[in-house]
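Participant: Quick one, my_file-v8.pdb (PDB, C-alpha atoms and all ligand atoms):
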```
MODEL        1
ATOM      1  CA  MET A  91      34.651 210.777  22.101
ATOM      2  CA  SER A  92      34.712 214.009  20.204
ATOM      3  CA  LYS A  93      31.833 215.003  18.022
ATOM      4  CA  ILE A  94      32.797 215.088  14.367
ATOM      5  CA  LYS A  95      31.260 217.832  12.310
ATOM      6  CA  LEU A  96      29.083 216.469   9.572
ATOM      7  CA  GLU A  97      29.284 219.656   7.564
ATOM      8  CA  GLU A  98      32.019 218.494   5.181
ATOM      9  CA  PHE A  99      30.179 215.229   4.542
ATOM     10  CA  LEU A 100      26.797 216.856   3.985
ATOM     11  CA  LYS A 101      28.160 219.547   1.698
ATOM     12  CA  ASN A 102      30.710 217.753  -0.429
ATOM     13  CA  TYR A 103      30.414 213.995  -0.345
ATOM     14  CA  PRO A 104      29.029 212.271  -3.450
ATOM     15  CA  LEU A 105      26.488 209.462  -3.220
ATOM     16  CA  TYR A 106      27.721 206.171  -1.714
ATOM     17  CA  LYS A 107      30.976 207.559  -0.382
ATOM     18  CA  ALA A 108      31.361 206.469   3.233
ATOM     19  CA  PHE A 109      32.316 208.959   5.922
ATOM     20  CA  LYS A 110      33.412 207.801   9.375
ATOM     21  CA  ILE A 111      31.431 209.772  11.949
ATOM     22  CA  VAL A 112      32.383 207.943  15.117
ATOM     23  CA  GLU A 113      35.643 206.191  15.796
ATOM     24  CA  ASN A 114      35.777 203.607  18.572
ATOM     25  CA  TYR A 115      32.175 204.036  19.694
ATOM     26  CA  ARG A 116      31.582 204.572  23.423
ATOM     27  CA  ALA A 117      28.152 205.998  24.091
ATOM     28  CA  GLN A 118      28.968 208.008  27.177
ATOM     29  CA  LYS A 119      27.758 211.139  25.485
ATOM     30  CA  PRO A 120      25.075 211.644  22.851
ATOM     31  CA  SER A 121      26.420 210.483  19.504
ATOM     32  CA  TYR A 122      25.264 209.551  16.032
ATOM     33  CA  ASN A 123      23.516 206.324  16.973
ATOM     34  CA  GLN A 124      19.890 207.038  15.996
ATOM     35  CA  PRO A 125      18.009 209.301  13.555
ATOM     36  CA  TYR A 126      17.290 212.097  16.048
ATOM     37  CA  ALA A 127      20.993 212.623  16.548
ATOM     38  CA  PHE A 128      21.284 214.137  13.078
ATOM     39  CA  VAL A 129      18.567 216.747  13.491
ATOM     40  CA  GLY A 130      19.951 220.267  13.627
ATOM     41  CA  GLU A 131      23.193 219.542  11.735
ATOM     42  CA  THR A 132      23.999 222.428   9.404
ATOM     43  CA  PHE A 133      25.768 222.623   6.047
ATOM     44  CA  MET A 134      26.132 224.936   3.061
ATOM     45  CA  HIS A 135      23.949 224.215   0.037
ATOM     46  CA  TYR A 136      22.513 226.036  -2.967
ATOM     47  CA  CYS A 137      19.072 227.571  -2.359
ATOM     48  CA  GLU A 138      17.093 227.633  -5.613
ATOM     49  CA  THR A 139      14.677 230.211  -4.235
ATOM     50  CA  GLU A 140      17.367 232.700  -3.326
ATOM     51  CA  GLN A 141      19.798 231.614  -6.053
ATOM     52  CA  ALA A 142      22.707 231.543  -3.635
ATOM     53  CA  GLU A 143      24.676 229.311  -1.263
ATOM     54  CA  LYS A 144      22.978 229.342   2.130
ATOM     55  CA  THR A 145      23.140 227.478   5.422
ATOM     56  CA  PHE A 146      20.815 224.481   5.512
ATOM     57  CA  GLU A 147      19.663 222.517   8.536
ATOM     58  CA  LEU A 148      18.735 218.841   8.772
ATOM     59  CA  GLU A 149      15.294 217.961  10.077
ATOM     60  CA  LEU A 150      13.097 214.864  10.155
ATOM     61  CA  PRO A 151       9.834 214.847   8.181
ATOM     62  CA  SER A 152       6.948 215.162  10.666
ATOM     63  CA  SER A 153       5.839 211.529  10.213
ATOM     64  CA  ALA A 154       9.309 210.289  11.169
ATOM     65  CA  GLU A 155       9.471 212.721  14.040
ATOM     66  CA  ASN A 156       6.258 211.292  15.482
ATOM     67  CA  TRP A 157       7.433 207.744  14.866
ATOM     68  CA  TRP A 158      10.765 208.162  16.640
ATOM     69  CA  GLY A 159       9.119 210.237  19.344
ATOM     70  CA  ASN A 160       7.265 207.108  20.493
ATOM     71  CA  TYR A 161      10.441 205.228  21.312
ATOM     72  CA  ASP A 162      11.948 204.963  24.755
ATOM     73  CA  GLY A 163      14.686 207.551  24.860
ATOM     74  CA  ASP A 164      17.081 205.421  26.872
ATOM     75  CA  ARG A 165      17.383 202.720  24.292
ATOM     76  CA  ILE A 166      18.343 202.724  20.654
ATOM     77  CA  PRO A 167      15.257 201.190  18.950
ATOM     78  CA  ASP A 168      15.743 197.543  17.879
ATOM     79  CA  VAL A 169      14.673 198.336  14.312
ATOM     80  CA  LEU A 170      17.880 200.303  13.843
ATOM     81  CA  PHE A 171      19.989 197.149  14.203
ATOM     82  CA  ASP A 172      20.629 194.295  11.803
ATOM     83  CA  LEU A 173      20.863 190.590  12.618
ATOM     84  CA  GLU A 174      24.529 190.902  13.606
ATOM     85  CA  GLU A 175      23.509 193.559  16.169
ATOM     86  CA  ASN A 176      25.347 196.161  14.153
ATOM     87  CA  LEU A 177      23.731 199.546  13.877
ATOM     88  CA  ASN A 178      22.296 199.643  10.366
ATOM     89  CA  PHE A 179      19.513 201.970   9.270
ATOM     90  CA  VAL A 180      18.346 204.179   6.428
ATOM     91  CA  GLU A 181      16.508 207.393   7.224
ATOM     92  CA  HIS A 182      14.927 210.086   5.149
ATOM     93  CA  PHE A 183      15.751 213.692   6.099
ATOM     94  CA  LEU A 184      14.908 217.162   4.912
ATOM     95  CA  GLY A 185      17.512 219.863   4.577
ATOM     96  CA  ARG A 186      15.854 223.238   4.960
ATOM     97  CA  CYS A 187      17.337 226.589   4.005
ATOM     98  CA  LYS A 188      17.721 228.553   7.231
ATOM     99  CA  SER A 189      17.613 231.842   5.365
ATOM    100  CA  CYS A 190      14.237 231.680   3.569
ATOM    101  CA  LYS A 191      12.976 228.755   5.724
ATOM    102  CA  ASN A 192      11.078 227.609   2.677
ATOM    103  CA  TYR A 193      13.336 225.898   0.165
ATOM    104  CA  LYS A 194      14.252 222.332   1.088
ATOM    105  CA  ILE A 195      16.090 219.339  -0.274
ATOM    106  CA  GLU A 196      15.558 215.661   0.482
ATOM    107  CA  LEU A 197      18.382 213.495   1.724
ATOM    108  CA  THR A 198      18.348 209.763   2.335
ATOM    109  CA  LEU A 199      21.146 208.681   4.639
ATOM    110  CA  HIS A 200      22.454 205.235   5.493
ATOM    111  CA  VAL A 201      24.122 204.846   8.895
ATOM    112  CA  TRP A 202      25.910 201.709  10.048
ATOM    113  CA  SER A 203      28.508 200.372  12.428
ATOM    114  CA  ASP A 204      31.240 197.912  11.478
ATOM    115  CA  ASN A 205      30.777 195.949  14.702
ATOM    116  CA  LYS A 206      28.043 195.371  17.248
ATOM    117  CA  ILE A 207      27.191 198.134  19.704
ATOM    118  CA  PRO A 208      25.015 198.090  22.851
ATOM    119  CA  LYS A 209      21.355 199.010  22.497
ATOM    120  CA  THR A 210      21.320 201.343  25.447
ATOM    121  CA  ARG A 211      21.642 204.871  24.229
ATOM    122  CA  PHE A 212      24.145 205.823  26.911
ATOM    123  CA  TYR A 213      26.243 203.260  28.686
ATOM    124  CA  ASN A 214      29.345 202.911  30.659
ATOM    125  CA  LEU A 215      31.697 199.991  30.355
ATOM    126  CA  SER A 216      32.594 200.230  34.013
ATOM    127  CA  GLY A 217      29.160 198.667  34.323
ATOM    128  CA  SER A 218      26.456 200.379  36.283
ATOM    129  CA  PRO A 219      23.904 197.716  37.324
ATOM    130  CA  GLY A 220      21.138 196.955  34.875
ATOM    131  CA  SER A 221      22.786 198.560  31.911
ATOM    132  CA  ILE A 222      24.627 196.148  29.654
ATOM    133  CA  ASN A 223      26.594 193.005  30.059
ATOM    134  CA  LYS A 224      30.084 194.385  30.083
ATOM    135  CA  ASN A 225      31.641 191.167  28.795
ATOM    136  CA  ASP A 226      29.539 191.282  25.654
ATOM    137  CA  PHE A 227      31.195 194.455  24.466
ATOM    138  CA  GLU A 228      34.548 194.743  26.121
ATOM    139  CA  GLY A 229      37.378 194.751  23.609
ATOM    140  CA  ILE A 230      34.993 195.294  20.704
ATOM    141  CA  ASN A 231      35.901 198.282  18.671
ATOM    142  CA  ALA A 232      33.040 199.651  16.583
ATOM    143  CA  ASN A 233      33.128 202.612  14.226
ATOM    144  CA  ILE A 234      30.059 204.335  12.829
ATOM    145  CA  PHE A 235      29.799 205.369   9.195
ATOM    146  CA  ILE A 236      27.381 207.360   7.094
ATOM    147  CA  GLU A 237      26.727 207.649   3.354
ATOM    148  CA  LYS A 238      24.219 209.462   1.181
ATOM    149  CA  ILE A 239      22.065 207.115  -0.833
ATOM    150  CA  GLY A 240      19.694 209.660  -2.264
ATOM    151  CA  ILE A 241      19.488 213.401  -2.755
ATOM    152  CA  LEU A 242      16.715 215.412  -4.406
ATOM    153  CA  PRO A 243      16.926 217.609  -6.330
ATOM    154  CA  GLU A 244      20.214 216.227  -7.615
ATOM    155  CA  GLN A 245      23.233 218.306  -6.769
ATOM    156  CA  THR A 246      23.907 220.518  -9.770
ATOM    157  CA  ILE A 247      27.274 220.147 -11.408
ATOM    158  CA  ILE A 248      28.873 223.493 -11.932
ATOM    159  CA  ILE A 249      31.644 223.435 -14.521
ATOM    160  CA  ASP A 250      34.296 226.082 -14.227
ATOM    161  CA  SER A 251      33.734 228.706 -16.936
ATOM    162  CA  GLU A 252      37.442 228.751 -17.863
ATOM    163  CA  ILE A 253      37.290 225.035 -18.581
ATOM    164  CA  LYS A 254      34.063 225.371 -20.537
ATOM    165  CA  LYS A 255      35.563 228.076 -22.728
ATOM    166  CA  HIS A 256      38.714 226.094 -23.346
ATOM    167  CA  PHE A 257      37.195 222.900 -24.730
ATOM    168  CA  ASP A 258      34.924 222.214 -27.673
ATOM    169  CA  ARG A 259      31.442 220.817 -27.397
ATOM    170  CA  GLU A 260      32.458 217.151 -27.495
ATOM    171  CA  THR A 261      35.139 217.491 -24.808
ATOM    172  CA  ASN A 262      32.845 219.577 -22.632
ATOM    173  CA  ASN A 263      30.276 216.840 -22.906
ATOM    174  CA  TRP A 264      32.832 214.243 -21.689
ATOM    175  CA  TYR A 265      34.016 216.615 -19.002
ATOM    176  CA  PHE A 266      30.481 217.051 -17.694
ATOM    177  CA  LYS A 267      29.941 213.286 -17.679
ATOM    178  CA  ALA A 268      33.272 212.742 -15.900
ATOM    179  CA  ASN A 269      32.160 215.126 -13.152
ATOM    180  CA  LYS A 270      28.733 213.530 -13.012
ATOM    181  CA  CYS A 271      30.428 210.151 -12.483
ATOM    182  CA  ILE A 272      32.554 211.591  -9.670
ATOM    183  CA  GLN A 273      29.420 212.944  -8.022
ATOM    184  CA  GLN A 274      27.718 209.548  -8.242
ATOM    185  CA  ASN A 275      30.891 207.776  -7.065
ATOM    186  CA  TYR A 276      31.291 205.928 -10.402
ATOM    187  CA  GLY A 277      35.095 205.855 -10.326
ATOM    188  CA  ILE A 278      35.744 203.684 -13.382
ATOM    189  CA  GLY A 279      33.394 205.770 -15.490
ATOM    190  CA  ALA A 280      34.951 209.050 -14.370
ATOM    191  CA  PHE A 281      38.474 207.793 -15.012
ATOM    192  CA  ALA A 282      37.543 206.509 -18.479
ATOM    193  CA  TYR A 283      36.076 209.879 -19.466
ATOM    194  CA  PHE A 284      39.145 211.743 -18.232
ATOM    195  CA  ARG A 285      41.406 209.423 -20.226
ATOM    196  CA  ARG A 286      39.380 210.222 -23.324
ATOM    197  CA  ILE A 287      39.752 213.924 -22.616
ATOM    198  CA  ILE A 288      43.516 213.637 -22.168
ATOM    199  CA  GLU A 289      43.932 211.534 -25.303
ATOM    200  CA  LYS A 290      42.078 214.087 -27.333
ATOM    201  CA  GLU A 291      43.253 217.341 -25.747
ATOM    202  CA  LEU A 292      46.809 216.888 -24.522
ATOM    203  CA  LEU A 293      48.517 217.661 -27.844
ATOM    204  CA  THR A 294      46.341 220.727 -28.270
ATOM    205  CA  ILE A 295      47.381 221.831 -24.797
ATOM    206  CA  VAL A 296      51.050 221.387 -25.757
ATOM    207  CA  LYS A 297      50.468 223.412 -28.905
ATOM    208  CA  GLU A 298      48.832 226.175 -26.883
ATOM    209  CA  ILE A 299      51.762 226.241 -24.514
ATOM    210  CA  SER A 300      54.202 226.418 -27.425
ATOM    211  CA  GLU A 301      52.333 229.445 -28.718
ATOM    212  CA  LEU A 302      52.639 231.359 -25.461
ATOM    213  CA  ASP A 303      55.099 234.199 -25.774
ATOM    214  CA  MET A 304      56.687 233.211 -22.486
ATOM    215  CA  ALA A 305      57.267 229.648 -23.580
ATOM    216  CA  ASP A 306      60.650 228.495 -24.763
ATOM    217  CA  SER A 307      60.801 228.154 -28.527
ATOM    218  CA  GLN A 308      62.115 224.639 -27.887
ATOM    219  CA  ILE A 309      58.549 223.518 -27.299
ATOM    220  CA  SER A 310      57.661 224.501 -30.842
ATOM    221  CA  LYS A 311      60.667 222.512 -32.018
ATOM    222  CA  LEU A 312      59.496 219.512 -30.015
ATOM    223  CA  TYR A 313      56.064 219.937 -31.497
ATOM    224  CA  ASP A 314      57.428 220.131 -35.038
ATOM    225  CA  GLN A 315      59.547 217.091 -34.338
ATOM    226  CA  TYR A 316      56.427 215.253 -33.272
ATOM    227  CA  SER A 317      54.589 216.329 -36.415
ATOM    228  CA  SER A 318      57.281 214.733 -38.556
ATOM    229  CA  THR A 319      57.860 211.564 -36.512
ATOM    230  CA  ASN A 320      54.517 211.033 -34.760
ATOM    231  CA  GLN A 321      56.475 210.064 -31.617
ATOM    232  CA  VAL A 322      54.124 211.622 -29.146
ATOM    233  CA  TYR A 323      55.866 210.378 -26.047
ATOM    234  CA  SER A 324      59.095 212.290 -26.651
ATOM    235  CA  ILE A 325      57.243 215.601 -26.438
ATOM    236  CA  TYR A 326      55.703 214.773 -23.091
ATOM    237  CA  GLU A 327      58.958 213.377 -21.790
ATOM    238  CA  ASN A 328      61.097 216.358 -22.776
ATOM    239  CA  ILE A 329      58.791 219.320 -22.400
ATOM    240  CA  PHE A 330      59.343 220.085 -18.711
ATOM    241  CA  GLU A 331      62.453 222.271 -18.824
ATOM    242  CA  PHE A 332      60.920 224.445 -21.544
ATOM    243  CA  LEU A 333      57.601 225.080 -19.820
ATOM    244  CA  PRO A 334      56.731 228.565 -18.552
ATOM    245  CA  LYS A 335      57.683 228.950 -14.883
ATOM    246  CA  SER A 336      54.068 228.840 -13.740
ATOM    247  CA  LEU A 337      53.690 225.365 -15.198
ATOM    248  CA  GLN A 338      56.935 224.197 -13.640
ATOM    249  CA  SER A 339      55.859 225.348 -10.211
ATOM    250  CA  LEU A 340      54.530 221.933  -9.178
ATOM    251  CA  GLY A 341      57.991 220.446  -9.476
ATOM    252  CA  ILE A 342      56.629 217.607 -11.594
ATOM    253  CA  ASN A 343      55.994 217.463 -15.305
ATOM    254  CA  PRO A 344      52.212 217.995 -15.445
ATOM    255  CA  ILE A 345      51.983 217.080 -19.124
ATOM    256  CA  LYS A 346      53.804 213.779 -18.716
ATOM    257  CA  THR A 347      51.816 212.996 -15.571
ATOM    258  CA  LEU A 348      48.561 213.509 -17.451
ATOM    259  CA  TYR A 349      49.817 211.438 -20.375
ATOM    260  CA  ASN A 350      50.826 208.566 -18.090
ATOM    261  CA  GLN A 351      47.221 208.254 -16.909
ATOM    262  CA  THR A 352      46.237 207.010 -20.337
ATOM    263  CA  SER A 353      48.809 204.245 -20.545
ATOM    264  CA  GLU A 354      47.915 202.014 -17.594
ATOM    265  CA  GLY A 355      45.237 199.349 -18.092
ATOM    266  CA  LEU A 356      41.872 200.150 -16.546
ATOM    267  CA  HIS A 357      41.390 196.541 -15.452
ATOM    268  CA  SER A 358      44.106 196.721 -12.787
ATOM    269  CA  LEU A 359      42.411 199.526 -10.852
ATOM    270  CA  SER A 360      39.573 199.302  -8.339
ATOM    271  CA  GLU A 361      36.542 201.570  -8.407
ATOM    272  CA  GLN A 362      37.981 203.604  -5.526
ATOM    273  CA  ASP A 363      41.464 203.861  -7.147
ATOM    274  CA  CYS A 364      39.814 205.147 -10.303
ATOM    275  CA  LEU A 365      37.776 207.672  -8.358
ATOM    276  CA  ALA A 366      40.849 209.008  -6.575
ATOM    277  CA  ARG A 367      42.719 209.264  -9.883
ATOM    278  CA  ALA A 368      39.823 210.935 -11.657
ATOM    279  CA  THR A 369      39.611 213.572  -8.915
ATOM    280  CA  SER A 370      43.365 214.203  -9.134
ATOM    281  CA  ILE A 371      43.338 214.395 -12.937
ATOM    282  CA  ASP A 372      40.545 216.938 -12.724
ATOM    283  CA  LEU A 373      42.610 219.139 -10.389
ATOM    284  CA  LEU A 374      45.750 218.874 -12.500
ATOM    285  CA  LEU A 375      43.920 219.505 -15.756
ATOM    286  CA  LYS A 376      42.252 222.595 -14.294
ATOM    287  CA  PHE A 377      45.607 223.827 -13.018
ATOM    288  CA  VAL A 378      47.249 223.501 -16.461
ATOM    289  CA  ILE A 379      44.397 225.164 -18.302
ATOM    290  CA  LYS A 380      44.168 228.035 -15.837
ATOM    291  CA  LYS A 381      47.901 228.649 -16.082
ATOM    292  CA  ILE A 382      47.701 228.747 -19.876
ATOM    293  CA  ASN A 383      44.782 231.188 -19.672
ATOM    294  CA  GLU A 384      46.638 233.337 -17.143
ATOM    295  CA  GLU A 385      49.770 233.460 -19.273
ATOM    296  CA  GLN A 386      47.707 234.390 -22.323
ATOM    297  CA  SER A 387      45.821 237.178 -20.595
ATOM    298  CA  GLU A 388      48.951 238.447 -18.861
ATOM    299  CA  ILE A 389      50.655 238.851 -22.219
ATOM    300  CA  LEU A 390      47.618 240.646 -23.654
ATOM    301  CA  LYS A 391      47.591 243.036 -20.700
ATOM    302  CA  VAL A 392      51.278 243.818 -21.032
ATOM    303  CA  LYS A 393      50.922 244.376 -24.790
ATOM    304  CA  GLU A 394      48.050 246.804 -24.137
ATOM    305  CA  ALA A 395      50.128 248.588 -21.537
ATOM    306  CA  ILE A 396      53.079 248.925 -23.897
ATOM    307  CA  LYS A 397      50.823 250.573 -26.488
ATOM    308  CA  ASN A 398      50.220 253.394 -23.999
ATOM    309  CA  LEU A 399      53.923 253.935 -23.584
ATOM    310  CA  ARG A 400      54.627 254.461 -27.242
TER     311      ARG A 400
HETATM  312 ZN    ZN A 501      16.668 229.934   0.921
ENDMDL
END
```
Let me see the file written as structure tokens.
Facilitator:
Amino acid sequence: MSKIKLEEFLKNYPLYKAFKIVENYRAQKPSYNQPYAFVGETFMHYCETEQAEKTFELELPSSAENWWGNYDGDRIPDVLFDLEENLNFVEHFLGRCKSCKNYKIELTLHVWSDNKIPKTRFYNLSGSPGSINKNDFEGINANIFIEKIGILPEQTIIIDSEIKKHFDRETNNWYFKANKCIQQNYGIGAFAYFRRIIEKELLTIVKEISELDMADSQISKLYDQYSSTNQVYSIYENIFEFLPKSLQSLGINPIKTLYNQTSEGLHSLSEQDCLARATSIDLLLKFVIKKINEEQSEILKVKEAIKNLR
């Protein structure tokens, strides 16, 4: 059983998003089956004292350290199991900045298995005498999961400055809330906010693209056509071949893809579907806006350069 690094989970996972830490549990080596096992795990986090990303280390508060210190080390304490004999516990941890050794965050973690596991800390299914009843566990495949259920202070949401500059106050407010929802694992909420953003901003984005010097003048024609007919879909459908190369580079029509997200009913999608879509919309939206910004600033630079050649 290989040890999975918790770093990615500790750094990036939002609240209530499960991460599988042990697949097919076999406790022949130390593994994540009790609170002590998490002490010493490291991850990157923002240190408020030093105003920078630093390495943090998980530790138990001293009361918990004393408490768990009193348990027999060869057994996983009974209190960490539920009635089905599945591992199932919540533990409070501190994450301390290893650089200043002073700033710390609080993390509450929930750890559980999806099947019963033996209560001996180490065991061997070949059955050394006095360990566990082999028949009780043979053929049972248990995985261990972890999720964050609390973090203090709350993880700050940092909005990309290019995005912030691009949108007005109202859209930025929705964009912040969409990201907040992603962080809290509220998929339906995040998806709904992104749909609002697309509904409001997509035509503006098309207009901005049509105004780029590198864009085909056909986009302006499409836009004018829309203005007279109000047939919004035809713009999104037909825009691809006239987009600047940088916006064609994905091989899909990013504008149509974004538009399509607003047409499907929210009711047919689960919380997790919505979360996955919201995260993807965010990436695509950022890509489009950055490409527009790049094209704009590229043109400005070239124009400046040409001035010097006159
Ligand atoms: Zn620090």
Participant: On this structure, which residues satisfy the PyMOL selection byres (((chain A and resi 95-107) around 10) and not hetatm), written as a short mmCIF file (atom, residue, chain, number, x, y, z; two decimals) with C-alpha atoms, in the frame of the given file?
Facilitator:
```
data_model
loop_
_atom_site.label_atom_id
_atom_site.label_comp_id
_atom_site.auth_asym_id
_atom_site.auth_seq_id
_atom_site.Cartn_x
_atom_site.Cartn_y
_atom_site.Cartn_z
CA SER A 92 34.71 214.01 20.20
CA LYS A 93 31.83 215.00 18.02
CA ILE A 94 32.80 215.09 14.37
CA ALA A 108 31.36 206.47 3.23
CA PHE A 109 32.32 208.96 5.92
CA LYS A 110 33.41 207.80 9.38
CA ILE A 111 31.43 209.77 11.95
CA PHE A 128 21.28 214.14 13.08
CA GLU A 131 23.19 219.54 11.74
CA THR A 132 24.00 222.43 9.40
CA PHE A 133 25.77 222.62 6.05
CA MET A 134 26.13 224.94 3.06
CA HIS A 135 23.95 224.22 0.04
CA TYR A 136 22.51 226.04 -2.97
CA PHE A 146 20.82 224.48 5.51
CA LEU A 148 18.74 218.84 8.77
CA GLY A 185 17.51 219.86 4.58
CA LEU A 197 18.38 213.50 1.72
CA THR A 198 18.35 209.76 2.34
CA LEU A 199 21.15 208.68 4.64
CA HIS A 200 22.45 205.24 5.49
CA PHE A 235 29.80 205.37 9.20
CA ILE A 236 27.38 207.36 7.09
CA GLU A 237 26.73 207.65 3.35
CA LYS A 238 24.22 209.46 1.18
CA ILE A 239 22.06 207.12 -0.83
CA GLY A 240 19.69 209.66 -2.26
CA ILE A 241 19.49 213.40 -2.76
CA GLN A 245 23.23 218.31 -6.77
CA LYS A 270 28.73 213.53 -13.01
CA CYS A 271 30.43 210.15 -12.48
CA ILE A 272 32.55 211.59 -9.67
CA GLN A 273 29.42 212.94 -8.02
CA GLN A 274 27.72 209.55 -8.24
CA ASN A 275 30.89 207.78 -7.06
CA TYR A 276 31.29 205.93 -10.40
CA GLN A 362 37.98 203.60 -5.53
#
```
Participant: Dump as a PyMOL selection string all residues having an atom at most 12 Å from (46.0, 218.5, -26.7), computed in the file's coordinates with all atoms listed in the file.
Facilitator: chain A and resi 256-258+261+286-300+313+322+325-326+345+348-349+375+378-379
Participant: For the residues in the current selection, export C-alpha atoms as a JSON list (two decimals), keeping the file's coordinate frame.
Facilitator:
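Result file out_25.json:
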```
[["chain", "number", "residue", "atom", "x", "y", "z"],
["A", 256, "HIS", "CA", 38.71, 226.09, -23.35],
["A", 257, "PHE", "CA", 37.20, 222.90, -24.73],
["A", 258, "ASP", "CA", 34.92, 222.21, -27.67],
["A", 261, "THR", "CA", 35.14, 217.49, -24.81],
["A", 286, "ARG", "CA", 39.38, 210.22, -23.32],
["A", 287, "ILE", "CA", 39.75, 213.92, -22.62],
["A", 288, "ILE", "CA", 43.52, 213.64, -22.17],
["A", 289, "GLU", "CA", 43.93, 211.53, -25.30],
["A", 290, "LYS", "CA", 42.08, 214.09, -27.33],
["A", 291, "GLU", "CA", 43.25, 217.34, -25.75],
["A", 292, "LEU", "CA", 46.81, 216.89, -24.52],
["A", 293, "LEU", "CA", 48.52, 217.66, -27.84],
["A", 294, "THR", "CA", 46.34, 220.73, -28.27],
["A", 295, "ILE", "CA", 47.38, 221.83, -24.80],
["A", 296, "VAL", "CA", 51.05, 221.39, -25.76],
["A", 297, "LYS", "CA", 50.47, 223.41, -28.90],
["A", 298, "GLU", "CA", 48.83, 226.18, -26.88],
["A", 299, "ILE", "CA", 51.76, 226.24, -24.51],
["A", 300, "SER", "CA", 54.20, 226.42, -27.42],
["A", 313, "TYR", "CA", 56.06, 219.94, -31.50],
["A", 322, "VAL", "CA", 54.12, 211.62, -29.15],
["A", 325, "ILE", "CA", 57.24, 215.60, -26.44],
["A", 326, "TYR", "CA", 55.70, 214.77, -23.09],
["A", 345, "ILE", "CA", 51.98, 217.08, -19.12],
["A", 348, "LEU", "CA", 48.56, 213.51, -17.45],
["A", 349, "TYR", "CA", 49.82, 211.44, -20.38],
["A", 375, "LEU", "CA", 43.92, 219.50, -15.76],
["A", 378, "VAL", "CA", 47.25, 223.50, -16.46],
["A", 379, "ILE", "CA", 44.40, 225.16, -18.30]]
```
Participant: Rounded to one decimal place, report the CA of Glu147 (chain A)-CA of Ala127 (chain A) distance in Å.
Facilitator: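 Computed distance, CA of Glu147 (chain A) to CA of Ala127 (chain A), equals 12.8 Å.
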Participant: Excluding Ala282 (chain A) and any residue of its chain fewer than 6 positions from it, enumerate the residues within 9 Å of it, using all atoms listed in the file, and give them as a list in words.
Facilitator: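 Near neighbours after the sequence-gap exclusion: Ala268, Thr352, Leu356, Cys364 and Ala368 of chain A.
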Participant: Around ligand ZN 501 (chain A), at most 12 Å away and counting all atoms listed in the file, which residues are there? Put them as a list in words, please.
Facilitator: Met134, His135, Tyr136, Cys137, Glu138, Thr139, Glu140, Gln141, Ala142, Glu143, Lys144, Thr145, Phe146, Glu147, Gly185, Arg186, Cys187, Lys188, Ser189, Cys190, Lys191, Asn192, Tyr193, Lys194 and Ile195 of chain A
Participant: Work out how far apart CA of Tyr323 (chain A) and CA of Gly341 (chain A) are and give it in Å to one decimal.
Facilitator: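 Separation between CA of Tyr323 (chain A) and CA of Gly341 (chain A): 19.5 Å.
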Participant: Going by the chain IDs and residue numbers used in this file, which residues fall under the PyMOL selection byres (((chain A and resi 169) around 12) and not hetatm)? Write them as a PyMOL selection string.
Facilitator: chain A and resi 124-125+157-158+161+165-168+170-173+175-181+209
Participant: Just how far from CA of Ser358 (chain A) is CA of Ile253 (chain A), in Å to one decimal?
Facilitator: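 Here the two named atoms are 29.7 Å from each other.
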Participant: Just the residues within 10 Å of Leu337 (chain A), please, counting all atoms listed in the file, with nothing from its chain fewer than 3 positions along; format it as a list in words.
Facilitator: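 Here the qualifying residues turn out to be Ile299, Phe330, Glu331, Phe332, Leu333, Pro334, Leu340, Gly341, Ile342, Asn343, Pro344, Ile345, Phe377, Val378, Ile379, Lys380, Lys381, Ile382 and Glu385 of chain A.
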Participant: Please expand the PyMOL selection byres (((chain A and resi 246-250) around 10) and not hetatm) into the concrete residues it hits in this file, giving the result as an NGL selection string.
Facilitator: :A and (136 or 243-245 or 251-255 or 262 or 265-267 or 269-270 or 273 or 376)
